[in-house]
Amino acid sequence: MDYKETLNLPRTAFPMKANLVRREPEIIQRWEEEDLYGKVRERAKGREKYILHDGPPYANGHIHMGTALNKILKDFIVKSKFMAGQDSTYVPGWDCHGLPIEHEVEKTLGEEKGRLTKAEIRRLCRDYASRFVQIQREEFKRLGVLGTWSSPYLTMDPKYQATIVREFGRFVDGGYLYRGKKPVYWCPTCRTALAEAEVEYGPHRTPSIYVKFPMVSDLSTRFPALKGKEVSVLIWTTTPWTLPANLAIAFHPDHDYAAVESDGEVFILAHRLVAPVMEILGLKDYRVLATFLGRDLEGLKCHHPFLERESVLILAEYVTLDTGTGCVHIAPGHGEEDYESGLKYGLDIYAPVDDQGRFTSEVEFFAGQFVFEANPAINAKLREVGALLHEEEVEHSYPHCWRCKNPVIFRSTKQWFISIDHRDLRSRLLDWIGKVQWIPQWGKDRIYNMVAARPDWCISRQRAWGVPIVVFYCTNCGEPLLDRKVVEHVAELFERQGADIWFERPPEELLPPGTKCPNCGAETFRKEEDILDVWFDSGVSWAAVLEQRMELQFPADLYLEGTDQHRGWFHSSLITSVANRGAPPYRAVLTHGFVVDGQGRKMSKSAGNVISPFEITERYGAELLRLWAAAEDYRDDIRISGEILDRLVEAYRRIRNTWRFMLGNLYDFDPREGLPYRELQEIDRWILHRFMVLVKRVREAYEAFTFHTIYHSVHNFCVVDLSALYLDILKERLYVSPPTSPKRRSSQTALYLILKGMVRLMAPILSFTAEEAWSHLPKEEGDPESVHLASFPEVEEALMDGGLEERWSRLLEVREQVTKALEGARQRKEIGHSLDARVSIRAPGELIAFLRTFGEELREIFIVSQVELQEVPQGVLQVHVAKAKGKKCARCWVYHEEVGRSEEHPEICPRCLEVISGFS
């Protein structure tokens, strides 16, 4: 007789080889054909809402590891909230306007772009954005992300554009909007103003120069020691190109300054900096003629080094003594602090630089030169007139355009601004920041400090592709027409016909009939040419999406983006919402770090360390990307490398094979035949307790968004609690016992409850594998066809048994000693398999009595053929291993002294003989 045929060996169609690359697209196709997400939405009706609002990715290219990570993390949360019993609709969106798209279109146009109208360029930009919305949509779906992909929100949709204009109108109505000439970040390459969020800092090499400004005012009336002396104020700068715009020099009112003589010249600089500056200038023979406070110089004048212009000496608290001379060159048109000082002292906000970053015709000597390229020429001029005392090149952190990556300049131009201090807005923003939950907590301090120090919001952009700033100017008096009713009229037109009509129609077709200038009564107007900052577009998504979709709600429960969005989307959304609704658009904000390589380096093409999400999905499947997103602590920068992925492949295999083993042993199990808890074997009750501990930990981790806790907990449970312990012990009873025996059904009951629960727990993370395993799992009445329609397992207190946990912890300590002894015997070649062994345990009576309570199961728990317990009066636990008595049963492999006594089946033990009698 072939005894193998009488064993209950595992059977399952759930394959060992995942073949995710082929199987995942099949699952996605099935989800779409069966409208899985529609069923999710239907099942969620009536539940309490939990809304994660999607921050729109930019529709200008394929997704990368950062956007893949972001969408996967969002998917974890949305799915887990649904499975926890909430209504968690996910509406994806795209940011469709702005410079990057316009740049890409212009690159394809070449010289032709100069012959196209703004309306024609906008149509090409719309086509470009639409194409990448479709591309990215498919790429995100390939990652297993579920959502309303058929109806996302797009910032270029007419209804969304109308909302942008309406929220702009609220700022107009609230008095926040003003037009002013003040310095803003200006990108000469992109030829547009930039917001703070569009600037990133990086290394930049510039000249570092010390320049003297000869005094015009006679200082000897205040400081007699300077009578008859040739006196100059000494400044230091790393932006020589701003010197043509110099109008003042700033001193700190309370710092000590000195007049220092060397080689017949006198230089004014901070007293504390005299020694280091003299060393830099190479002046060893010098003496201090006079000292005085900065405030003593206010109102005096010196002469510009090479222009026929005076420069006034002013006071400013921001002057520091960290570097330079303590005398700060002021160009009010080229710096925020310079601008503030210019306003205070009534100086011209002078910025003789055009849109391309070139000096205008009014700049003597350097007209038409690009500002950075003019630095050497300016230094040469300073040297020619004897004003340049020292020159060297330095590298320092400098603002760059985050799109073209080129250095930017501060340039004063007329722009539209939102006042951050109007109606006490800044204070309200800071107050609300304290009421929002920031995860991690340091995010609160980061955005708080940004808001506390930020200037007014420059919302003007000098481009074509975006939503226009809906302002008209009277052609008679030039005054802007700022009227919310006019804005609303235009918004209604946009909603019906789109924002392109602003660039296609004359003003009279966009204005309400009978519109007159409130200033002079004229009836003819021209349109503003600038568009809105795209951060305004995405910043009002709460109004365009959360407030307008019935399945959503304002405010959102959660915003989730990368850490750079503290100065981006989180920031603009906060300003627009608090100003226009009196509250933030989010209750909590979760941030993740950036994706870096295995050594923690930023990914870049030049470094050759870029990993594409497509490389991973095409080689391993999207499931590995999802597991990676869960395994790493995303709150810091997230590393990825071939080595990391290889480790995750092994971890995935362990989890999958654990599930496969459990499924294989449930092939003949009907959940209706499961045993009630009180009838389960002790080991099965113990593992159910352990599983409930896992369920509690995992559900708490989902609530806390600590997905790495889920990964490590489930992986360890599969490897340690199940594979290396429980399942190993169970094999004998599962394979050898009669198919319907209470012991086997007890184990199958536990296996079923654990596997069904674990598959649901991991469904938000291992979405494809959980779906596949669910399709092979025995079903109960009412079970949905997809795991993504199911709910998380509950923490059942009835399955929790602290006393059992203590009892088994003690037993497993003994088992650990037995396992060590067995391994030693195996290495000594005394036994092969552990079932070849007879284990003798000698211990004090209390421990022996404890072990005897496990009865015959003790042998199964140790996975040996015989266990002998011997009580000793005192001493420590001793374990001895010897060859098992009797012969090895050909069916169960357990040694028994009665093997061979049956004439009909001389190779098997009495237990197996009884079992196979049912097969005859």
# chains A, B, ... in the order shown; residues from 1 in each chain; ligands from 1
>>> select_by_dssp(residues="stretch 556-688 of chain A", states="strand (DSSP E or B)", output="ChimeraX atom specification")
/A:556-562,586-592,595-596,602,638-639
>>> residues_around(residues="stretch 323-325 of chain A", least_positions_apart="2", cutoff="12 Å", atoms="only C-alpha atoms", output="PyMOL selection string")
chain A and resi 208-212+233-238+249-252+255-258+267-278+280-281+319-321+327-329+390
>>> residues_around(residues="A:Arg744", least_positions_apart="5", cutoff="12 Å", atoms="only C-alpha atoms", output="number ranges by chain")
A: 8, 665-666, 668-669, 673-675, 679-681, 683-684, 730-739, 749-751
>>> residues_around(residues="stretch 335-342 of chain A", least_positions_apart="2", cutoff="8 Å", atoms="only C-alpha atoms", output="list of chain:residue names")
A:Lys182, A:Pro183, A:Val184, A:Ala316, A:Tyr318, A:Ile330, A:Ala331, A:Pro332, A:Gly333, A:Lys344, A:Tyr345, A:Gly346, A:Leu347, A:Asp348, A:Ile349, A:Phe410, A:Arg411
>>> write_last_selection(atoms="C-alpha atoms", output="PDB file, in the first residue's frame")
ATOM      1  CA  LYS A 182       8.755  95.385  -4.935  1.00  0.00           C
ATOM      2  CA  PRO A 183      11.547  92.840  -5.292  1.00  0.00           C
ATOM      3  CA  VAL A 184      10.515  89.311  -6.144  1.00  0.00           C
ATOM      4  CA  ALA A 316      18.851  98.973   9.738  1.00  0.00           C
ATOM      5  CA  TYR A 318      19.149  93.535  10.156  1.00  0.00           C
ATOM      6  CA  ILE A 330      21.582  98.771  -0.340  1.00  0.00           C
ATOM      7  CA  ALA A 331      19.824  98.413  -3.726  1.00  0.00           C
ATOM      8  CA  PRO A 332      16.091  98.820  -2.906  1.00  0.00           C
ATOM      9  CA  GLY A 333      15.052  97.224  -6.205  1.00  0.00           C
ATOM     10  CA  LYS A 344      11.422 103.666   5.215  1.00  0.00           C
ATOM     11  CA  TYR A 345      13.839 106.260   3.838  1.00  0.00           C
ATOM     12  CA  GLY A 346      11.830 107.276   0.760  1.00  0.00           C
ATOM     13  CA  LEU A 347      14.297 105.837  -1.730  1.00  0.00           C
ATOM     14  CA  ASP A 348      13.415 104.957  -5.323  1.00  0.00           C
ATOM     15  CA  ILE A 349      12.700 101.239  -5.785  1.00  0.00           C
ATOM     16  CA  PHE A 410      15.816  89.695  -6.943  1.00  0.00           C
ATOM     17  CA  ARG A 411      14.163  92.236  -9.199  1.00  0.00           C
TER      18      ARG A 411
END
>>> residues_around(residues="A:Val867", least_positions_apart="4", cutoff="12 Å", atoms="only C-alpha atoms", output="number ranges by chain")
A: 815, 818, 834-842, 848, 851-852, 854-863, 879-885, 895
>>> residues_around(residues="A:Arg47", least_positions_apart="2", cutoff="12 Å", atoms="only C-alpha atoms", output="ChimeraX atom specification")
/A:40-45,49-51,81-89,551
>>> write_last_selection(atoms="C-alpha atoms", output="mmCIF file, in the first residue's frame")
data_model
loop_
_atom_site.group_PDB
_atom_site.id
_atom_site.type_symbol
_atom_site.label_atom_id
_atom_site.label_comp_id
_atom_site.auth_asym_id
_atom_site.auth_seq_id
_atom_site.Cartn_x
_atom_site.Cartn_y
_atom_site.Cartn_z
ATOM 1 C CA VAL A 40 -16.296 49.727 -2.871
ATOM 2 C CA ARG A 41 -18.131 53.061 -3.129
ATOM 3 C CA GLU A 42 -21.509 51.337 -2.924
ATOM 4 C CA ARG A 43 -20.507 49.344 0.150
ATOM 5 C CA ALA A 44 -19.186 52.487 1.885
ATOM 6 C CA LYS A 45 -22.469 54.395 1.618
ATOM 7 C CA LYS A 49 -16.365 59.755 6.029
ATOM 8 C CA TYR A 50 -12.586 59.827 6.123
ATOM 9 C CA ILE A 51 -11.194 61.957 3.331
ATOM 10 C CA LYS A 81 -9.745 53.350 6.303
ATOM 11 C CA PHE A 82 -12.390 51.611 4.197
ATOM 12 C CA MET A 83 -11.507 48.232 5.688
ATOM 13 C CA ALA A 84 -11.667 49.804 9.155
ATOM 14 C CA GLY A 85 -15.291 50.715 8.488
ATOM 15 C CA GLN A 86 -15.155 54.240 7.076
ATOM 16 C CA ASP A 87 -16.095 55.863 3.789
ATOM 17 C CA SER A 88 -12.727 56.839 2.316
ATOM 18 C CA THR A 89 -13.288 58.024 -1.241
ATOM 19 C CA GLU A 551 -18.729 62.166 -1.739
#
>>> residues_around(residues="A:Val693", least_positions_apart="3", cutoff="12 Å", atoms="only C-alpha atoms", output="PyMOL selection string")
chain A and resi 686-690+696-700+713-714+717+721+754+793-797+799-802+805
>>> closest_residue(among="A:Gly803, A:Pro613, A:Gly93, A:Gly357", to="A:Gln134", atoms="only C-alpha atoms")
A:Gly93
>>> closest_residue(among="A:Asp445, A:Asp646, A:Ala245, A:Met603", to="A:Tyr350", atoms="only C-alpha atoms")
A:Ala245
